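Here's structure.cif, which has mmCIF, C-alpha atoms and all ligand atoms:
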```
data_work
loop_
_atom_site.label_atom_id
_atom_site.label_comp_id
_atom_site.auth_asym_id
_atom_site.auth_seq_id
_atom_site.Cartn_x
_atom_site.Cartn_y
_atom_site.Cartn_z
CA MET A 1 103.91 101.66 113.47
CA GLU A 2 107.25 103.08 114.59
CA LYS A 3 109.45 104.77 111.93
CA LYS A 4 112.72 103.31 110.66
CA THR A 5 111.08 100.66 108.52
CA VAL A 6 111.61 99.18 105.06
CA GLU A 7 108.68 97.77 103.14
CA ILE A 8 108.70 94.30 101.64
CA LEU A 9 105.55 93.40 99.68
CA GLY A 10 103.48 95.82 101.72
CA VAL A 11 104.86 94.77 105.13
CA PRO A 12 106.96 97.39 106.95
CA PHE A 13 109.97 95.74 108.59
CA TYR A 14 111.69 97.44 111.48
CA ARG A 15 115.38 98.19 110.92
CA THR A 16 117.28 97.17 113.99
CA THR A 17 119.76 94.62 115.24
CA GLN A 18 118.96 91.73 117.54
CA GLN A 19 120.76 93.33 120.46
CA GLN A 20 119.32 96.82 119.94
CA PHE A 21 115.83 95.40 119.68
CA VAL A 22 116.08 93.53 122.97
CA GLU A 23 117.34 96.71 124.65
CA GLU A 24 114.54 98.76 123.12
CA LEU A 25 111.83 96.36 124.30
CA LEU A 26 113.30 96.26 127.82
CA GLN A 27 113.20 100.04 127.87
CA LYS A 28 109.54 100.04 126.78
CA ALA A 29 108.69 97.50 129.47
CA GLU A 30 110.49 99.55 132.11
CA ASN A 31 108.42 102.58 131.08
CA ARG A 32 105.30 100.42 131.55
CA GLU A 33 104.41 100.88 127.87
CA LYS A 34 102.25 98.51 125.86
CA LYS A 35 103.69 97.05 122.64
CA PHE A 36 102.70 94.44 120.07
CA VAL A 37 105.58 92.68 118.30
CA VAL A 38 105.29 90.49 115.20
CA THR A 39 108.34 88.58 114.02
CA ALA A 40 107.51 87.82 110.40
CA ASN A 41 108.89 85.16 108.05
CA PRO A 42 108.14 84.81 104.31
CA GLU A 43 105.09 82.68 105.08
CA ILE A 44 103.56 85.50 107.14
CA VAL A 45 104.26 88.04 104.37
CA MET A 46 102.63 85.75 101.80
CA SER A 47 99.60 85.19 104.06
CA ALA A 48 99.28 88.95 104.50
CA MET A 49 99.34 89.39 100.71
CA LYS A 50 96.58 86.82 100.25
CA ASN A 51 94.45 87.67 103.27
CA ALA A 52 93.52 91.33 103.81
CA GLN A 53 92.17 90.67 107.29
CA PHE A 54 95.41 89.06 108.44
CA LYS A 55 97.36 91.93 106.89
CA GLU A 56 95.27 94.39 108.89
CA THR A 57 96.02 92.35 112.03
CA ILE A 58 99.78 92.41 111.63
CA LEU A 59 99.79 96.07 110.62
CA GLN A 60 98.42 96.81 114.09
CA ALA A 61 101.81 95.77 115.49
CA ASP A 62 104.20 98.42 116.77
CA TYR A 63 107.10 96.45 115.38
CA ILE A 64 107.44 93.84 112.63
CA THR A 65 110.89 92.27 112.54
CA ALA A 66 112.62 90.02 110.01
CA ASP A 67 112.30 86.47 111.28
CA GLY A 68 113.89 84.26 108.68
CA ILE A 69 116.63 84.37 106.12
CA GLY A 70 114.04 84.70 103.33
CA ILE A 71 113.21 88.23 104.50
CA ILE A 72 116.88 89.24 104.53
CA LEU A 73 117.35 87.80 101.03
CA ALA A 74 114.26 89.69 99.85
CA ALA A 75 115.60 92.94 101.32
CA GLU A 76 118.94 92.35 99.54
CA LYS A 77 117.14 91.74 96.23
CA LEU A 78 115.10 94.91 96.63
CA GLY A 79 118.17 96.92 97.61
CA LEU A 80 116.68 97.74 100.99
CA PRO A 81 118.76 98.05 104.14
CA LEU A 82 117.79 95.44 106.73
CA ASN A 83 120.62 94.66 109.12
CA GLU A 84 120.07 91.11 110.24
CA ARG A 85 117.47 88.62 111.37
CA VAL A 86 115.63 89.56 114.52
CA THR A 87 113.89 86.35 115.50
CA GLY A 88 111.19 85.65 118.05
CA PHE A 89 113.33 83.01 119.72
CA ASP A 90 116.48 85.14 120.07
CA THR A 91 114.47 88.17 121.18
CA MET A 92 112.77 86.09 123.86
CA ILE A 93 116.09 84.66 125.11
CA GLY A 94 117.71 88.12 125.17
CA ILE A 95 114.81 89.44 127.20
CA LEU A 96 114.84 86.50 129.61
CA GLU A 97 118.52 87.07 130.37
CA HIS A 98 117.95 90.73 131.27
CA ALA A 99 114.59 90.07 132.88
CA ASN A 100 116.29 87.58 135.19
CA GLN A 101 118.68 90.27 136.49
CA LYS A 102 115.93 92.86 136.67
CA LYS A 103 113.41 90.43 138.23
CA LEU A 104 110.78 91.27 135.63
CA LYS A 105 107.42 89.54 135.42
CA ILE A 106 106.81 87.25 132.45
CA PHE A 107 103.73 85.35 131.28
CA PHE A 108 104.19 82.35 128.98
CA LEU A 109 101.10 81.37 126.99
CA GLY A 110 101.12 78.44 124.57
CA ALA A 111 102.54 75.04 123.58
CA LYS A 112 101.32 71.59 124.61
CA PRO A 113 100.50 70.98 128.30
CA GLU A 114 103.57 68.77 128.84
CA VAL A 115 105.82 71.33 127.09
CA SER A 116 104.40 74.10 129.26
CA GLN A 117 105.14 72.06 132.39
CA ALA A 118 108.66 71.25 131.25
CA LEU A 119 109.17 74.91 130.39
CA ARG A 120 108.35 76.02 133.94
CA LEU A 121 111.04 73.72 135.34
CA VAL A 122 113.65 74.86 132.80
CA LEU A 123 112.85 78.50 133.60
CA GLU A 124 113.19 77.96 137.35
CA GLU A 125 116.58 76.38 136.80
CA SER A 126 117.98 78.69 134.13
CA TYR A 127 116.48 82.01 135.24
CA PRO A 128 115.95 81.67 139.00
CA GLN A 129 115.25 85.37 139.61
CA LEU A 130 112.65 85.67 136.88
CA GLN A 131 109.08 86.12 138.07
CA VAL A 132 107.15 83.58 136.03
CA VAL A 133 103.71 84.96 136.77
CA GLY A 134 101.98 82.59 134.38
CA CYS A 135 102.81 79.51 132.34
CA ARG A 136 99.72 78.23 130.58
CA HIS A 137 99.41 75.77 127.72
CA GLY A 138 97.96 76.83 124.40
CA TYR A 139 95.18 74.29 123.88
CA PHE A 140 92.13 76.24 124.99
CA SER A 141 88.76 77.11 123.46
CA ASP A 142 87.70 80.61 122.40
CA GLY A 143 85.44 80.68 125.45
CA GLU A 144 88.42 80.23 127.77
CA SER A 145 90.25 83.22 126.30
CA GLU A 146 88.41 85.72 128.52
CA GLN A 147 89.58 83.92 131.63
CA ILE A 148 93.17 83.92 130.34
CA VAL A 149 92.92 87.65 129.62
CA GLN A 150 91.75 88.22 133.18
CA GLU A 151 94.59 86.10 134.55
CA ILE A 152 97.13 88.17 132.59
CA GLN A 153 95.52 91.47 133.64
CA GLU A 154 95.67 90.48 137.30
CA CYS A 155 99.37 89.65 137.36
CA GLU A 156 100.46 92.67 135.25
CA PRO A 157 103.39 91.04 133.42
CA ASP A 158 106.09 93.10 131.71
CA PHE A 159 106.31 90.60 128.85
CA ILE A 160 103.75 88.19 127.46
CA PHE A 161 105.15 85.55 125.09
CA VAL A 162 102.44 83.87 123.03
CA ALA A 163 103.40 80.54 121.43
CA LEU A 164 100.33 79.40 119.50
CA GLY A 165 101.91 79.31 116.02
CA SER A 166 101.06 81.75 113.27
CA PRO A 167 98.49 83.18 112.51
CA ALA A 168 96.76 82.08 115.76
CA GLN A 169 99.18 83.96 118.03
CA GLU A 170 98.98 87.25 116.09
CA ASN A 171 95.18 86.97 115.92
CA TRP A 172 94.97 86.23 119.65
CA ILE A 173 97.14 89.19 120.62
CA ALA A 174 95.35 91.59 118.26
CA SER A 175 91.89 90.61 119.41
CA HIS A 176 92.64 90.99 123.14
CA TYR A 177 95.17 93.81 123.02
CA GLN A 178 92.69 96.54 124.01
CA SER A 179 91.97 94.73 127.27
CA PHE A 180 95.48 95.47 128.56
CA SER A 181 97.06 98.66 129.77
CA LYS A 182 100.72 97.56 129.75
CA GLY A 183 103.07 94.78 128.65
CA VAL A 184 105.08 93.79 125.60
CA PHE A 185 103.18 91.11 123.65
CA MET A 186 105.09 88.96 121.19
CA GLY A 187 104.21 85.83 119.21
CA VAL A 188 107.07 83.31 119.45
CA GLY A 189 105.84 80.26 117.46
CA GLY A 190 107.51 77.01 118.44
CA SER A 191 110.01 78.68 120.81
CA PHE A 192 108.71 77.03 124.01
CA ASP A 193 109.30 73.61 122.43
CA ILE A 194 112.93 74.60 121.91
CA LEU A 195 113.46 76.36 125.25
CA SER A 196 111.92 73.49 127.21
CA GLY A 197 114.28 71.05 125.48
CA THR A 198 111.42 69.26 123.72
CA ALA A 199 112.64 70.32 120.27
CA LYS A 200 116.21 71.20 119.40
CA ARG A 201 117.47 74.26 117.53
CA ALA A 202 120.01 73.87 114.72
CA PRO A 203 123.70 73.81 115.71
CA LYS A 204 125.27 77.30 115.79
CA ILE A 205 127.45 76.54 112.77
CA MET A 206 124.37 75.77 110.66
CA ILE A 207 122.65 78.99 111.79
CA LYS A 208 125.83 80.91 110.85
CA MET A 209 125.90 79.27 107.42
CA ARG A 210 122.25 80.25 106.96
CA LEU A 211 121.28 76.57 106.93
CA GLU A 212 118.86 76.47 109.85
CA TRP A 213 116.03 75.74 107.39
CA LEU A 214 117.80 72.54 106.28
CA TYR A 215 118.17 71.34 109.85
CA ARG A 216 114.50 72.02 110.52
CA ILE A 217 113.35 70.06 107.46
CA VAL A 218 115.58 67.12 108.28
CA THR A 219 114.54 66.97 111.94
CA ASN A 220 110.87 67.74 111.30
CA PRO A 221 109.81 66.61 107.83
CA THR A 222 106.26 67.93 108.23
CA ARG A 223 107.75 71.42 107.86
CA TRP A 224 108.86 70.88 104.26
CA ARG A 225 105.68 72.52 102.98
CA ARG A 226 106.70 75.77 104.63
CA PHE A 227 110.02 75.77 102.85
CA LEU A 228 108.35 75.33 99.51
CA ALA A 229 106.87 78.76 100.17
CA LEU A 230 110.35 80.32 100.11
CA PRO A 231 111.10 80.07 96.34
CA GLN A 232 107.57 81.27 95.63
CA PHE A 233 108.11 84.22 97.97
CA LEU A 234 111.42 85.11 96.28
CA ARG A 235 109.74 84.92 92.85
CA VAL A 236 107.10 87.41 94.00
CA VAL A 237 109.86 89.65 95.39
CA ASN A 238 111.67 89.47 92.04
CA ARG A 239 108.53 90.52 90.20
CA GLU A 240 108.16 93.44 92.58
CA ARG A 241 111.78 94.48 91.97
CA LYS A 242 111.28 94.41 88.18
CA ARG A 243 108.08 96.39 88.51
CA LYS A 244 109.85 99.05 90.60
CA GLU A 245 112.77 99.20 88.15
CA SER A 246 110.42 99.77 85.20
CA VAL A 247 108.57 102.52 87.10
CA ASN A 248 111.87 104.27 87.90
CA LYS A 249 113.13 104.17 84.28
N1 LIG B 301 100.14 75.42 119.66
C1 LIG B 301 99.33 75.77 120.71
N2 LIG B 301 97.97 75.70 120.55
C2 LIG B 301 97.39 75.29 119.39
C3 LIG B 301 98.25 74.95 118.31
C4 LIG B 301 99.62 75.04 118.47
O1 LIG B 301 99.81 76.14 121.77
O2 LIG B 301 96.16 75.24 119.33
C5 LIG B 301 101.59 75.51 119.84
C6 LIG B 301 102.37 74.25 119.47
O3 LIG B 301 102.31 73.33 120.54
C7 LIG B 301 103.75 74.82 119.21
C8 LIG B 301 103.46 76.20 118.66
O4 LIG B 301 102.09 76.49 118.97
O5 LIG B 301 104.45 74.95 120.44
C9 LIG B 301 103.58 76.30 117.15
O6 LIG B 301 104.78 75.88 116.76
P1 LIG B 301 105.23 75.95 115.23
O7 LIG B 301 106.63 75.51 115.20
O8 LIG B 301 104.23 75.29 114.35
O9 LIG B 301 105.09 77.52 114.99
P2 LIG B 301 105.91 78.45 114.05
O10 LIG B 301 107.15 78.80 114.80
O11 LIG B 301 106.19 77.67 112.83
O12 LIG B 301 104.95 79.59 113.87
#
```
Would you mind writing the file out in C-alpha cells?
Ligand code: UDP
Amino acid sequence: MEKKTVEILGVPFYRTTQQQFVEELLQKAENREKKFVVTANPEIVMSAMKNAQFKETILQADYITADGIGIILAAEKLGLPLNERVTGFDTMIGILEHANQKKLKIFFLGAKPEVSQALRLVLEESYPQLQVVGCRHGYFSDGESEQIVQEIQECEPDFIFVALGSPAQENWIASHYQSFSKGVFMGVGGSFDILSGTAKRAPKIMIKMRLEWLYRIVTNPTRWRRFLALPQFLRVVNRERKRKESVNK
C-alpha cells in the first residue's frame, strides 16, 4: 500500500484528486510498473468488515480510492482529509483520453457480450488512436480464466479494466495478479455499460449536487438495496467516531 492514506473502518483510502490520480497511473504505466487499483464504495467497505478474506483481497491493492459520496461523508464525519471522489468510471475516462494521444494498449474485460461488442465500436469512434488489444465479455467460467490470463499476457496491455462487478472483479484481479509482470489493473463495475451507451450516467447537475445515487435508483430500481447500505454504513462510521472520541478523552 502506498503512503498518503486515511483509514475508514480499517480500509486505507488514498488521498488524491481525480486528475492527479489519472496522471499518477499514466506515469506508472509509462514506467511499465504493475499496479492494482480498487475504487471502493460503502458497500465494499462493509463487505470488507464482514468478510476477512475479501478484506485481505482488497488490502493487496496498491491504491484504494473513494468511489462514492458515502466515503467522502464518512471521512468528513471522522475528521479525515479526503479531497474528493475518485471513481472507477472517471479514472477510466481520464486514462482513455491520455491513452488515445499516447497510443497506449488497453484490455477491456467484462460486461455482457452485446455490451462488449458495442463498447468496441464506441472506442473505435471516440478514441481512434487507442490500441484496444482486447475486448472480451465477462460471462466466462473459472476454467476459461487461464486462457484469458494468457491472452492478456501475450498482448502486454498498459491498462486492464475489469468490469465484472464487485467483489468478482477484485477477486479476479487478486487471484491472477502474480501471473503478470506489468499493467495497471482496475475494477470498474458497470462502467462499460455506461461507456458503450447501454446505460446512462446521471446528468452533470445531479452529480454536482451529490444526487447521482437518486438518479441510479430511479433509472435502475434493482439497485435500491445497495442504497439501503448507506445509512447503515454511516451509522457504523458514527459509532467508530464516538469510540475514537472516548479513547482520546
Ligand atoms: N458482469 C460480468 N460478468 C458477470 C456478472 C456481471 O461481466 O458474471 C458485468 C455486468 O454485465 C456489468 C458489471 O459486471 O457490466 C457489473 O455492473 P454493476 O453495475 O452491477 O457493478 P457495480 O458498479 O455496482 O460494481
Listing only residues of chain A within 8 Å of ligand LIG 301 (chain B), what is the closest atom pair and its distance in Å (to one decimal) for each, using only C-alpha atoms and all ligand atoms, sorted by chain and residue number ascending, as a Markdown table?
```
| residue | atom | partner | partner_atom | distance |
| --- | --- | --- | --- | --- |
| A:Leu109 | CA | B:LIG301 | O1 | 7.5 |
| A:Gly110 | CA | B:LIG301 | O1 | 3.9 |
| A:Ala111 | CA | B:LIG301 | O1 | 3.5 |
| A:Lys112 | CA | B:LIG301 | O3 | 4.5 |
| A:Val115 | CA | B:LIG301 | O5 | 7.7 |
| A:His137 | CA | B:LIG301 | O1 | 6.0 |
| A:Gly138 | CA | B:LIG301 | O1 | 3.3 |
| A:Tyr139 | CA | B:LIG301 | N2 | 4.6 |
| A:Phe140 | CA | B:LIG301 | O2 | 7.0 |
| A:Ala163 | CA | B:LIG301 | O4 | 4.9 |
| A:Leu164 | CA | B:LIG301 | O4 | 3.4 |
| A:Gly165 | CA | B:LIG301 | C9 | 3.6 |
| A:Ser166 | CA | B:LIG301 | O12 | 4.5 |
| A:Pro167 | CA | B:LIG301 | O12 | 7.5 |
| A:Ala168 | CA | B:LIG301 | C3 | 7.7 |
| A:Val188 | CA | B:LIG301 | O10 | 6.5 |
| A:Gly189 | CA | B:LIG301 | O10 | 3.3 |
| A:Gly190 | CA | B:LIG301 | O6 | 3.4 |
| A:Ser191 | CA | B:LIG301 | O10 | 6.7 |
| A:Phe192 | CA | B:LIG301 | O5 | 5.9 |
| A:Asp193 | CA | B:LIG301 | O5 | 5.4 |
```
note - CA of Val86 in chain A and CA of Glu124 in chain A are separated by 25.7 Å
What separation in Å, quoted to one decimal, exists between CA of Lys4 in chain A and CA of Leu104 in chain A? 27.8 Å
Pick from A:Ile71, A:Tyr14, A:Thr39, A:Thr57, whichever lies nearest to Ile173 in chain A using only C-alpha atoms: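 Smallest distance to Ile173 in chain A is found for A:Thr57.
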Quick one: everything within 12 Å of Leu25 in chain A, counting only C-alpha atoms, minus sequence neighbours fewer than 2 positions away in the same chain. Send it as an NGL selection string. :A and (16 or 18-23 or 27-37 or 62-63 or 91-92 or 94-96 or 98-99 or 158-160 or 183-186)
Got a sec: who's within 7 Å of Gln129 in chain A, counting all atoms listed in the file, leaving out chain neighbours fewer than 2 positions off, as a list in words? Asn100, Gln101, Lys103, Tyr127 and Gln131 of chain A
